[in-house]
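So this one's upload_23.cif, mmCIF, C-alpha atoms and all ligand atoms:
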data_run
loop_
_atom_site.label_atom_id
_atom_site.label_comp_id
_atom_site.auth_asym_id
_atom_site.auth_seq_id
_atom_site.Cartn_x
_atom_site.Cartn_y
_atom_site.Cartn_z
CA MET U 475 -13.38 -18.36 -9.97
CA LYS U 476 -10.50 -20.31 -8.47
CA ILE U 477 -8.21 -17.88 -6.65
CA GLY U 478 -4.70 -18.78 -5.50
CA VAL U 479 -2.70 -17.12 -2.74
CA PRO U 480 0.91 -18.34 -2.80
CA LYS U 481 3.38 -17.77 0.03
CA GLU U 482 5.72 -14.90 -0.87
CA ILE U 483 9.20 -16.21 -1.60
CA LYS U 484 11.09 -12.96 -2.08
CA ASN U 485 13.76 -12.48 0.59
CA ASN U 486 12.37 -11.09 3.87
CA GLU U 487 8.83 -10.63 2.50
CA ASN U 488 6.38 -11.44 5.29
CA ARG U 489 3.24 -9.88 3.86
CA VAL U 490 0.44 -11.96 2.35
CA ALA U 491 -1.94 -10.81 -0.39
CA LEU U 492 -5.22 -11.92 1.17
CA THR U 493 -6.33 -11.96 4.81
CA PRO U 494 -8.78 -14.48 6.25
CA ALA U 495 -11.38 -11.66 6.18
CA GLY U 496 -10.76 -11.13 2.44
CA THR U 497 -10.91 -14.87 1.89
CA ALA U 498 -14.35 -14.99 3.50
CA GLU U 499 -15.56 -12.11 1.30
CA LEU U 500 -14.48 -13.87 -1.90
CA ILE U 501 -16.04 -17.13 -0.79
CA LYS U 502 -19.27 -15.30 0.03
CA CYS U 503 -19.35 -14.21 -3.64
CA GLY U 504 -19.18 -17.86 -4.70
CA HIS U 505 -15.46 -18.20 -5.42
CA GLU U 506 -12.94 -20.84 -4.30
CA VAL U 507 -9.81 -19.66 -2.48
CA TYR U 508 -6.66 -21.80 -2.37
CA VAL U 509 -4.02 -20.64 0.10
CA GLN U 510 -0.53 -22.12 0.33
CA THR U 511 0.14 -23.47 3.83
CA THR U 512 1.94 -20.96 6.12
CA ALA U 513 1.37 -18.13 3.58
CA GLY U 514 -0.05 -15.88 6.31
CA ILE U 515 2.27 -16.81 9.16
CA GLY U 516 4.60 -13.81 8.72
CA SER U 517 1.61 -11.49 9.07
CA GLY U 518 0.18 -13.32 12.06
CA PHE U 519 -2.52 -15.32 10.23
CA SER U 520 -2.41 -19.05 10.96
CA ASP U 521 -3.50 -21.75 8.51
CA GLU U 522 -6.44 -22.48 10.80
CA THR U 523 -7.82 -18.94 10.41
CA TYR U 524 -7.87 -19.41 6.61
CA LEU U 525 -9.57 -22.80 6.99
CA THR U 526 -12.18 -21.24 9.26
CA ALA U 527 -12.76 -18.53 6.63
CA GLY U 528 -13.48 -21.28 4.10
CA ALA U 529 -10.18 -21.49 2.18
CA LYS U 530 -8.62 -24.73 1.02
CA LEU U 531 -4.97 -25.16 1.97
CA LEU U 532 -2.42 -26.49 -0.51
CA PRO U 533 1.03 -27.58 0.64
CA THR U 534 3.12 -26.36 -2.34
CA ILE U 535 3.40 -23.25 -4.47
CA GLU U 536 3.22 -25.45 -7.59
CA GLU U 537 -0.25 -26.68 -6.64
CA VAL U 538 -1.49 -23.13 -5.99
CA TYR U 539 -0.36 -21.87 -9.41
CA ALA U 540 -1.66 -25.03 -11.13
CA ILE U 541 -5.23 -24.74 -9.82
CA ALA U 542 -5.73 -20.94 -9.82
CA GLU U 543 -7.35 -18.85 -12.54
CA MET U 544 -6.26 -15.75 -10.63
CA ILE U 545 -3.16 -15.42 -8.45
CA ILE U 546 -3.17 -12.65 -5.84
CA LYS U 547 0.29 -11.73 -4.58
CA VAL U 548 2.24 -8.94 -2.92
CA LYS U 549 5.61 -8.81 -4.72
CA GLU U 550 6.35 -9.43 -8.37
CA PRO U 551 6.93 -13.08 -9.32
CA ILE U 552 10.59 -14.04 -9.16
CA GLU U 553 12.51 -16.47 -11.35
CA PRO U 554 11.43 -19.77 -9.67
CA GLU U 555 7.78 -18.75 -10.18
CA TYR U 556 8.01 -17.84 -13.87
CA GLY U 557 7.58 -21.44 -15.08
CA LEU U 558 4.49 -21.94 -12.88
CA ILE U 559 2.48 -19.15 -14.53
CA LYS U 560 -0.13 -20.32 -17.02
CA LYS U 561 -1.38 -18.76 -20.26
CA GLY U 562 -4.33 -16.46 -19.53
CA GLN U 563 -3.83 -16.62 -15.74
CA ILE U 564 -4.60 -13.34 -13.97
CA LEU U 565 -1.73 -12.06 -11.81
CA TYR U 566 -2.81 -9.26 -9.47
CA THR U 567 0.22 -7.94 -7.57
CA TYR U 568 2.94 -5.26 -7.42
CA PHE U 569 5.13 -5.64 -10.54
CA HIS U 570 7.21 -2.47 -11.07
CA PHE U 571 7.81 -3.69 -14.63
CA ALA U 572 9.81 -0.65 -15.75
CA SER U 573 12.60 -1.64 -13.38
CA SER U 574 13.05 -5.17 -14.80
CA GLU U 575 13.26 -6.22 -18.43
CA VAL U 576 13.76 -9.84 -17.35
CA LEU U 577 10.43 -9.83 -15.52
CA THR U 578 8.69 -8.07 -18.43
CA GLN U 579 10.00 -10.61 -20.96
CA ALA U 580 9.06 -13.51 -18.68
CA MET U 581 5.47 -12.28 -18.33
CA ILE U 582 5.23 -11.74 -22.11
CA GLU U 583 6.41 -15.31 -22.67
CA ARG U 584 3.99 -16.78 -20.11
CA GLU U 585 1.08 -14.91 -21.81
CA ALA U 586 -0.45 -14.07 -18.43
CA VAL U 587 -2.79 -11.15 -17.65
CA CYS U 588 -0.67 -8.90 -15.42
CA LEU U 589 -2.49 -6.28 -13.35
CA ALA U 590 0.01 -4.14 -11.47
CA TYR U 591 -1.08 -2.60 -8.17
CA GLU U 592 1.25 0.35 -8.64
CA THR U 593 -0.38 1.60 -11.86
CA VAL U 594 -4.03 1.38 -10.77
CA GLU U 595 -4.86 5.09 -10.98
CA LEU U 596 -7.85 7.23 -10.00
CA SER U 597 -9.10 10.15 -12.12
CA ASP U 598 -7.23 12.61 -9.85
CA HIS U 599 -3.99 10.71 -10.73
CA SER U 600 -3.61 9.33 -7.21
CA LEU U 601 -2.40 5.74 -6.89
CA PRO U 602 -4.73 4.04 -4.40
CA LEU U 603 -2.71 0.84 -4.09
CA LEU U 604 0.54 2.68 -3.34
CA ILE U 605 -0.97 5.04 -0.76
CA PRO U 606 -1.26 2.46 2.05
CA MET U 607 2.47 1.72 1.94
CA SER U 608 3.29 5.44 1.98
CA GLU U 609 1.04 5.76 5.02
CA VAL U 610 2.90 2.97 6.78
CA ALA U 611 6.34 4.35 5.85
CA GLY U 612 5.39 7.89 6.86
CA ARG U 613 4.20 6.85 10.28
CA MET U 614 7.18 4.53 10.75
CA SER U 615 9.68 7.23 9.85
CA VAL U 616 8.97 9.05 13.11
CA GLN U 617 9.06 5.86 15.18
CA GLU U 618 12.47 4.95 13.71
CA GLY U 619 13.75 8.51 13.92
CA ALA U 620 12.77 8.78 17.59
CA LYS U 621 14.67 5.55 18.31
CA TYR U 622 17.87 6.64 16.59
CA LEU U 623 17.78 9.96 18.42
CA GLU U 624 18.48 8.01 21.60
CA LYS U 625 22.08 8.27 22.78
CA THR U 626 22.65 4.49 22.71
CA TYR U 627 22.12 4.61 18.93
CA GLY U 628 24.49 7.58 18.61
CA GLY U 629 21.65 10.11 18.45
CA TYR U 630 21.51 13.66 19.78
CA GLY U 631 19.82 12.32 22.93
CA VAL U 632 16.50 14.12 22.83
CA LEU U 633 12.96 13.00 23.51
CA LEU U 634 10.67 14.14 20.68
CA GLY U 635 8.03 15.58 22.98
CA GLY U 636 10.40 17.01 25.60
CA VAL U 637 8.91 17.14 29.13
CA PRO U 638 7.35 19.96 31.18
CA GLY U 639 10.08 22.58 31.50
CA VAL U 640 12.08 21.21 28.55
CA THR U 641 11.28 22.24 24.99
CA PRO U 642 10.33 19.49 22.54
CA ALA U 643 12.65 18.29 19.77
CA LYS U 644 12.37 19.91 16.35
CA VAL U 645 11.34 17.69 13.43
CA LEU U 646 11.73 18.83 9.81
CA ILE U 647 9.73 16.99 7.15
CA ILE U 648 10.65 17.74 3.54
CA GLY U 649 7.72 16.83 1.27
CA GLY U 650 4.11 17.18 2.42
CA GLY U 651 2.43 14.38 0.44
CA ILE U 652 1.17 11.10 1.90
CA VAL U 653 4.44 10.16 3.66
CA GLY U 654 5.06 13.67 4.95
CA THR U 655 1.51 14.15 6.23
CA GLU U 656 1.51 10.85 8.13
CA ALA U 657 4.95 11.60 9.55
CA ALA U 658 3.78 15.03 10.69
CA LYS U 659 0.73 13.57 12.42
CA MET U 660 2.89 11.08 14.34
CA ALA U 661 5.54 13.62 15.32
CA ALA U 662 2.91 16.14 16.34
CA GLY U 663 1.10 13.52 18.38
CA LEU U 664 4.32 12.86 20.30
CA GLY U 665 4.53 16.57 21.06
CA ALA U 666 7.43 17.50 18.78
CA ASP U 667 7.87 20.93 17.22
CA VAL U 668 7.22 20.06 13.57
CA THR U 669 7.82 21.91 10.28
CA ILE U 670 6.65 20.54 6.92
CA MET U 671 8.22 21.87 3.73
CA ASP U 672 6.82 21.51 0.24
CA VAL U 673 7.11 23.33 -3.08
CA ASN U 674 3.35 23.16 -3.63
CA LEU U 675 1.76 26.20 -2.00
CA LYS U 676 -1.74 24.77 -2.38
CA ARG U 677 -0.64 21.71 -0.44
CA LEU U 678 0.98 23.86 2.26
CA ARG U 679 -2.27 25.82 2.63
CA TYR U 680 -4.20 22.59 3.08
CA LEU U 681 -1.71 21.25 5.63
CA ASP U 682 -1.74 24.53 7.49
CA ASP U 683 -5.54 24.22 7.76
CA ILE U 684 -5.71 20.64 9.02
CA MET U 685 -2.59 20.22 11.15
CA PRO U 686 -2.45 20.86 14.91
CA ALA U 687 -0.77 23.97 16.27
CA ASN U 688 2.61 22.31 16.77
CA VAL U 689 2.95 21.80 12.99
CA LYS U 690 4.12 24.73 10.88
CA THR U 691 4.53 24.90 7.12
CA MET U 692 7.35 26.43 5.11
CA MET U 693 8.24 26.75 1.43
CA SER U 694 10.90 24.24 0.38
CA ASN U 695 13.97 25.87 -1.12
CA GLU U 696 17.71 25.59 -0.58
CA PHE U 697 17.96 28.72 1.55
CA ASN U 698 15.26 27.57 3.97
CA ILE U 699 16.58 24.01 4.12
CA ARG U 700 20.13 25.21 4.89
CA GLU U 701 18.81 27.31 7.75
CA MET U 702 16.42 24.76 9.25
CA ILE U 703 18.73 21.72 9.33
CA GLN U 704 21.06 23.47 11.78
CA SER U 705 18.50 23.37 14.58
CA HIS U 706 16.39 20.28 13.81
CA SER U 707 17.12 16.92 15.46
CA LEU U 708 15.10 14.71 13.10
CA ILE U 709 14.89 15.33 9.36
CA ILE U 710 12.56 13.22 7.23
CA GLY U 711 12.91 13.12 3.44
CA ALA U 712 9.47 12.52 1.86
CA VAL U 713 9.57 14.16 -1.58
CA LEU U 714 8.37 12.68 -4.83
CA ILE U 715 8.50 13.98 -8.36
CA PRO U 716 6.41 11.38 -10.21
CA GLY U 717 8.42 9.38 -12.70
CA ALA U 718 11.71 11.10 -11.84
CA LYS U 719 14.60 10.61 -9.46
CA ALA U 720 14.25 12.49 -6.19
CA PRO U 721 16.08 15.85 -6.12
CA LYS U 722 19.10 16.00 -3.79
CA LEU U 723 17.86 18.59 -1.32
CA ILE U 724 20.43 18.01 1.42
CA THR U 725 23.94 17.92 0.03
CA ARG U 726 27.08 16.46 1.59
CA ASP U 727 28.48 19.86 2.53
CA MET U 728 25.37 20.64 4.59
CA LEU U 729 26.00 17.76 7.02
CA SER U 730 28.80 19.63 8.78
CA THR U 731 26.34 22.41 9.67
CA MET U 732 24.08 20.01 11.57
CA ARG U 733 24.45 19.04 15.21
CA PRO U 734 26.26 15.74 15.85
CA GLY U 735 23.64 13.04 16.44
CA THR U 736 21.07 14.57 14.07
CA VAL U 737 18.98 11.78 12.50
CA MET U 738 17.98 11.82 8.82
CA VAL U 739 15.35 9.33 7.63
CA ASP U 740 15.19 9.23 3.82
CA VAL U 741 11.87 7.62 2.97
CA ALA U 742 12.33 8.68 -0.66
CA VAL U 743 15.30 6.29 -0.91
CA ASP U 744 13.33 4.08 -3.33
CA GLN U 745 13.43 6.94 -5.86
CA GLY U 746 17.15 7.50 -5.32
CA GLY U 747 16.78 9.51 -2.10
CA CYS U 748 16.55 13.24 -1.47
CA PHE U 749 19.82 13.46 0.50
CA GLU U 750 23.09 13.33 -1.45
CA THR U 751 24.59 10.92 1.11
CA THR U 752 21.68 8.44 0.98
CA LYS U 753 22.49 4.81 0.22
CA PRO U 754 19.73 2.16 0.33
CA THR U 755 19.87 0.07 3.51
CA THR U 756 18.02 -3.02 4.75
CA HIS U 757 16.21 -3.90 7.98
CA ASP U 758 19.26 -6.02 8.93
CA HIS U 759 21.55 -2.96 8.73
CA PRO U 760 19.19 0.02 8.61
CA ASN U 761 21.51 2.90 9.42
CA PHE U 762 24.97 4.38 8.84
CA VAL U 763 26.77 7.51 9.98
CA ILE U 764 28.41 10.23 7.87
CA ASP U 765 29.90 13.34 9.49
CA GLU U 766 28.27 12.36 12.81
CA VAL U 767 24.81 12.45 11.19
CA ILE U 768 22.81 9.21 11.43
CA HIS U 769 21.19 8.10 8.16
CA TYR U 770 18.25 5.66 8.05
CA CYS U 771 17.50 4.70 4.43
CA VAL U 772 15.55 1.43 4.37
CA ALA U 773 13.99 0.97 0.95
CA ASN U 774 11.08 -1.24 2.10
CA MET U 775 10.13 0.21 5.45
CA PRO U 776 6.66 -1.44 5.55
CA GLY U 777 8.44 -4.82 5.59
CA ALA U 778 9.24 -4.29 9.28
CA VAL U 779 5.56 -4.24 10.21
CA PRO U 780 4.06 -6.96 7.99
CA ARG U 781 0.85 -7.36 9.94
CA THR U 782 -0.09 -3.70 9.68
CA SER U 783 1.15 -3.56 6.09
CA THR U 784 -0.80 -6.65 5.04
CA LEU U 785 -4.01 -5.27 6.54
CA ALA U 786 -3.42 -1.84 4.97
CA LEU U 787 -2.62 -3.30 1.55
CA THR U 788 -5.51 -5.76 1.47
CA ASN U 789 -7.97 -3.07 2.55
CA ALA U 790 -7.04 -1.34 -0.70
CA THR U 791 -6.74 -4.33 -3.05
CA LEU U 792 -9.76 -6.45 -2.08
CA SER U 793 -12.57 -4.62 -3.87
CA ASN U 794 -10.74 -4.89 -7.20
CA ALA U 795 -9.99 -8.56 -6.52
CA ILE U 796 -13.71 -9.18 -5.99
CA GLN U 797 -14.56 -7.39 -9.24
CA LEU U 798 -11.94 -9.39 -11.15
CA ALA U 799 -13.30 -12.63 -9.71
CA ASN U 800 -16.98 -11.76 -10.24
CA LYS U 801 -16.72 -10.40 -13.78
CA GLY U 802 -13.48 -11.81 -15.18
CA TRP U 803 -10.60 -9.44 -15.98
CA ARG U 804 -11.92 -8.19 -19.30
CA LYS U 805 -15.37 -7.06 -18.11
CA ALA U 806 -13.96 -5.79 -14.79
CA CYS U 807 -11.44 -3.62 -16.67
CA GLN U 808 -14.05 -2.42 -19.17
CA ASP U 809 -16.27 -1.26 -16.31
CA ASN U 810 -13.60 0.12 -13.99
CA LEU U 811 -11.26 2.71 -15.50
CA PRO U 812 -8.82 2.94 -12.55
CA LEU U 813 -8.43 -0.84 -12.57
CA ARG U 814 -7.92 -0.83 -16.34
CA LYS U 815 -4.87 1.38 -15.76
CA GLY U 816 -3.41 -1.55 -13.83
CA LEU U 817 -3.17 -3.71 -16.96
CA ASN U 818 0.49 -3.81 -17.97
CA VAL U 819 1.12 -7.03 -19.89
CA VAL U 820 -1.80 -8.98 -21.36
CA GLU U 821 -1.47 -12.33 -23.10
CA GLY U 822 1.97 -11.56 -24.51
CA LYS U 823 1.42 -7.87 -25.31
CA ILE U 824 2.63 -4.81 -23.42
CA VAL U 825 -0.39 -2.54 -22.93
CA TYR U 826 1.19 0.06 -20.64
CA LYS U 827 3.08 2.66 -22.66
CA GLU U 828 5.82 3.51 -20.15
CA VAL U 829 6.77 -0.16 -19.76
CA ALA U 830 7.12 -0.61 -23.52
CA GLU U 831 9.13 2.62 -23.76
CA ALA U 832 11.45 1.58 -20.93
CA PHE U 833 12.72 -1.36 -22.98
CA GLU U 834 11.92 -0.16 -26.51
CA LEU U 835 9.47 -3.02 -26.94
CA PRO U 836 6.25 -2.96 -29.02
CA TYR U 837 3.27 -1.29 -27.36
CA VAL U 838 -0.38 -2.13 -27.93
CA PRO U 839 -3.09 0.25 -26.60
CA VAL U 840 -5.01 -1.39 -23.80
CA GLU U 841 -8.36 -0.85 -25.56
CA THR U 842 -7.35 -3.36 -28.25
CA VAL U 843 -7.19 -6.25 -25.75
CA LEU U 844 -10.46 -5.49 -23.97
N1 LIG U 901 11.15 3.64 1.85
C1 LIG U 901 9.96 3.09 1.80
O1 LIG U 901 9.73 2.00 2.34
C2 LIG U 901 8.84 3.81 1.12
C3 LIG U 901 7.51 3.39 1.29
C4 LIG U 901 6.50 4.13 0.69
C5 LIG U 901 6.81 5.25 -0.11
N2 LIG U 901 8.12 5.60 -0.28
C6 LIG U 901 8.54 6.78 -1.05
O2 LIG U 901 8.29 7.97 -0.34
C7 LIG U 901 8.28 9.07 -1.27
C8 LIG U 901 7.10 9.98 -0.98
O3 LIG U 901 5.90 9.28 -1.29
P1 LIG U 901 4.46 9.97 -1.14
O4 LIG U 901 3.48 8.86 -1.33
O5 LIG U 901 4.41 10.79 0.08
O6 LIG U 901 4.45 10.92 -2.41
P2 LIG U 901 3.44 12.16 -2.67
O7 LIG U 901 3.40 12.35 -4.14
O8 LIG U 901 2.16 11.95 -1.92
O9 LIG U 901 4.18 13.40 -1.98
C9 LIG U 901 5.38 13.94 -2.45
C10 LIG U 901 5.42 15.40 -2.08
O10 LIG U 901 6.75 15.89 -2.37
C11 LIG U 901 6.58 17.23 -2.74
N3 LIG U 901 7.81 17.75 -3.36
C12 LIG U 901 8.27 17.59 -4.63
N4 LIG U 901 9.45 18.23 -4.77
C13 LIG U 901 9.74 18.81 -3.57
C14 LIG U 901 10.80 19.60 -3.07
N5 LIG U 901 11.82 19.97 -3.86
N6 LIG U 901 10.76 19.98 -1.77
C15 LIG U 901 9.74 19.64 -0.97
N7 LIG U 901 8.70 18.90 -1.39
C16 LIG U 901 8.70 18.49 -2.66
C17 LIG U 901 5.36 17.21 -3.66
O11 LIG U 901 4.81 18.51 -3.85
C18 LIG U 901 4.44 16.28 -2.87
O12 LIG U 901 3.60 16.99 -2.00
C19 LIG U 901 8.26 8.41 -2.64
O13 LIG U 901 9.55 8.42 -3.19
C20 LIG U 901 7.82 7.00 -2.36
O14 LIG U 901 8.24 6.09 -3.35
C21 LIG U 901 9.12 4.90 0.32
#
Would you encode the structure as structure tokens?
Ligand SMILES: NC(=O)c1ccc[n+]([C@@H]2O[C@H](COP(=O)([O-])OP(=O)(O)OC[C@H]3O[C@@H](n4cnc5c(N)ncnc54)[C@H](O)[C@@H]3O)[C@@H](O)[C@H]2O)c1
Amino acid sequence: MKIGVPKEIKNNENRVALTPAGTAELIKCGHEVYVQTTAGIGSGFSDETYLTAGAKLLPTIEEVYAIAEMIIKVKEPIEPEYGLIKKGQILYTYFHFASSEVLTQAMIEREAVCLAYETVELSDHSLPLLIPMSEVAGRMSVQEGAKYLEKTYGGYGVLLGGVPGVTPAKVLIIGGGIVGTEAAKMAAGLGADVTIMDVNLKRLRYLDDIMPANVKTMMSNEFNIREMIQSHSLIIGAVLIPGAKAPKLITRDMLSTMRPGTVMVDVAVDQGGCFETTKPTTHDHPNFVIDEVIHYCVANMPGAVPRTSTLALTNATLSNAIQLANKGWRKACQDNLPLRKGLNVVEGKIVYKEVAEAFELPYVPVETVL
């Protein structure tokens, strides 16, 4: 199969969908890989490394779309790309269709085969192509929080791990899923005094078993949150209620009970945020202050570390890409149930129920297109 890897054109997107290592794997299986020149630069992969891996370089995005039977991307196509997409072309990328009717209509019109990373789903309902970005954001949340706790950034002026003779800083993590667990590991590794809160007792039991001694668990409820925020220097919001907006667990009135210079990192900002005062921010202007409490609410945290994020993402996406290339999308999706869940729009039809419902458009069960 001819596989195309265009350079991402969405603002500030430095990830690339295929690494030179992934390129070599696909070529080993007998496929041809066409990479747009400089596509990997933002993630630290030069054109030469792709050439060495066996890829062919193409100078323009138009040429990549024109030659490819399957396009592998990171972000959803944006308006200048719509016209380049061909009938029957496989698009394997993040789409987040339910948040854009324009994108959904465009993909219907282009009659492409759209496989969305975010809806590939395992039998335990986990989302294997979203997990890597939660891992990155969770680990980053502590790195960013530690930075903003420094006095020069307006923080409380504490070192997370303390030093001999000085107690460590207290870190509160609300939500003990992927983000929360990775955040806890990082904060614990730095020597902080960490508490993870969740509403799922089974999850708290598991975390209590696996975490080091400087991580404690606590049931998440308003009473406990009100008490804990008064003494914690770094608070990380990491909750998720699938398919719903995040609950506002820290309300505006609670800020005045915190110490000046407390840092709140709301990783759940992409679902509306779990702090009432959260507003989405960007890497250019990541933070703002309300009632002397520093808020960090960047909606695409992994964007700050594109090399790590690219490697993490492609580790998760490559095996499906190989199956799609080896078998074609239809056979690959017949054989692989989790991958089948990734089909959202196929040759002009919406085959993912929630996307059709979001815009009251006709829905066709995925089995009918296989
Ligand atoms: N900002 C970014 O760049 C970025 C990157 C990746 C993920 N995210 C977001 O981070 C959030 C967390 O993602 P995840 O992968 O860890 O999700 P997850 O499903 O693995 O974990 C969410 C956890 O929140 C818990 N929870 C639900 N309600 C709660 C409550 N009231 N109090 C405490 N805990 C509660 C759940 O029991 C679950 O354990 C999501 O909104 C996700 O979209 C943001």
Given the choices U:Lys827, U:Arg814, U:Lys502, U:Lys676, which gets closest to ligand LIG 901 (chain U) if the distance is worked out from only C-alpha atoms and all ligand atoms? U:Lys676
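If you look at CA of Thr788 (chain U) and CA of Ala611 (chain U), they are 16.2 Å away from each other.
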List the neighbours of Glu831 (chain U) out to 12 Å using all atoms listed in the file; skip same-chain residues closer than 3 positions along the sequence, and give me the result as a compact mmCIF listing (two decimals) with C-alpha atoms, keeping the file's coordinate frame.
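Result saved to selection19.txt:
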# COMPACT_ATOMS: atom_id res chain seq x y z
CA PHE U 571 7.81 -3.69 -14.63
CA ALA U 572 9.81 -0.65 -15.75
CA SER U 573 12.60 -1.64 -13.38
CA GLU U 575 13.26 -6.22 -18.43
CA THR U 578 8.69 -8.07 -18.43
CA ILE U 824 2.63 -4.81 -23.42
CA VAL U 825 -0.39 -2.54 -22.93
CA TYR U 826 1.19 0.06 -20.64
CA LYS U 827 3.08 2.66 -22.66
CA GLU U 828 5.82 3.51 -20.15
CA GLU U 834 11.92 -0.16 -26.51
CA LEU U 835 9.47 -3.02 -26.94
CA PRO U 836 6.25 -2.96 -29.02
CA TYR U 837 3.27 -1.29 -27.36
CA VAL U 838 -0.38 -2.13 -27.93
Give the residue list for ligand LIG 901 (chain U) at 6 Å, counting only C-alpha atoms and all ligand atoms, as a VMD selection string, sorted by chain and then by residue number. chain U and resid 605 607 to 608 611 648 to 654 671 to 674 694 712 to 715 741 to 745 772 to 776
Proximity to Leu531 (chain U) - best of U:Ile477, U:Met728, U:Leu664, U:Met738, all atoms listed in the file: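 Under the stated criterion, the closest residue is U:Ile477.
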Using only C-alpha atoms: which of U:Pro551, U:Gly628, U:Pro642, U:Gly816 has the shortest distance to Val737 (chain U):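 Looking only at the distances to Val737 (chain U), the closest residue turns out to be U:Gly628.
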Need the shell around Ala666 (chain U): protein/DNA/RNA residues with any atom at most 10 Å away, counting all atoms listed in the file. Skip same-chain ones fewer than 4 positions apart. Format as a ChimeraX atom specification? /U:633-636,641-645,658,660-662,688-689,708
One decimal, in Å: what's the spacing between CA of Gly822 (chain U) and CA of Gln579 (chain U)?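 The value is 8.8 Å.
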Taking all atoms listed in the file into account, name the residue in U:Asn698, U:Thr756, U:Asn810, U:Thr784 that is nearest to Glu595 (chain U).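 Result for the nearest residue to Glu595 (chain U): U:Asn810.
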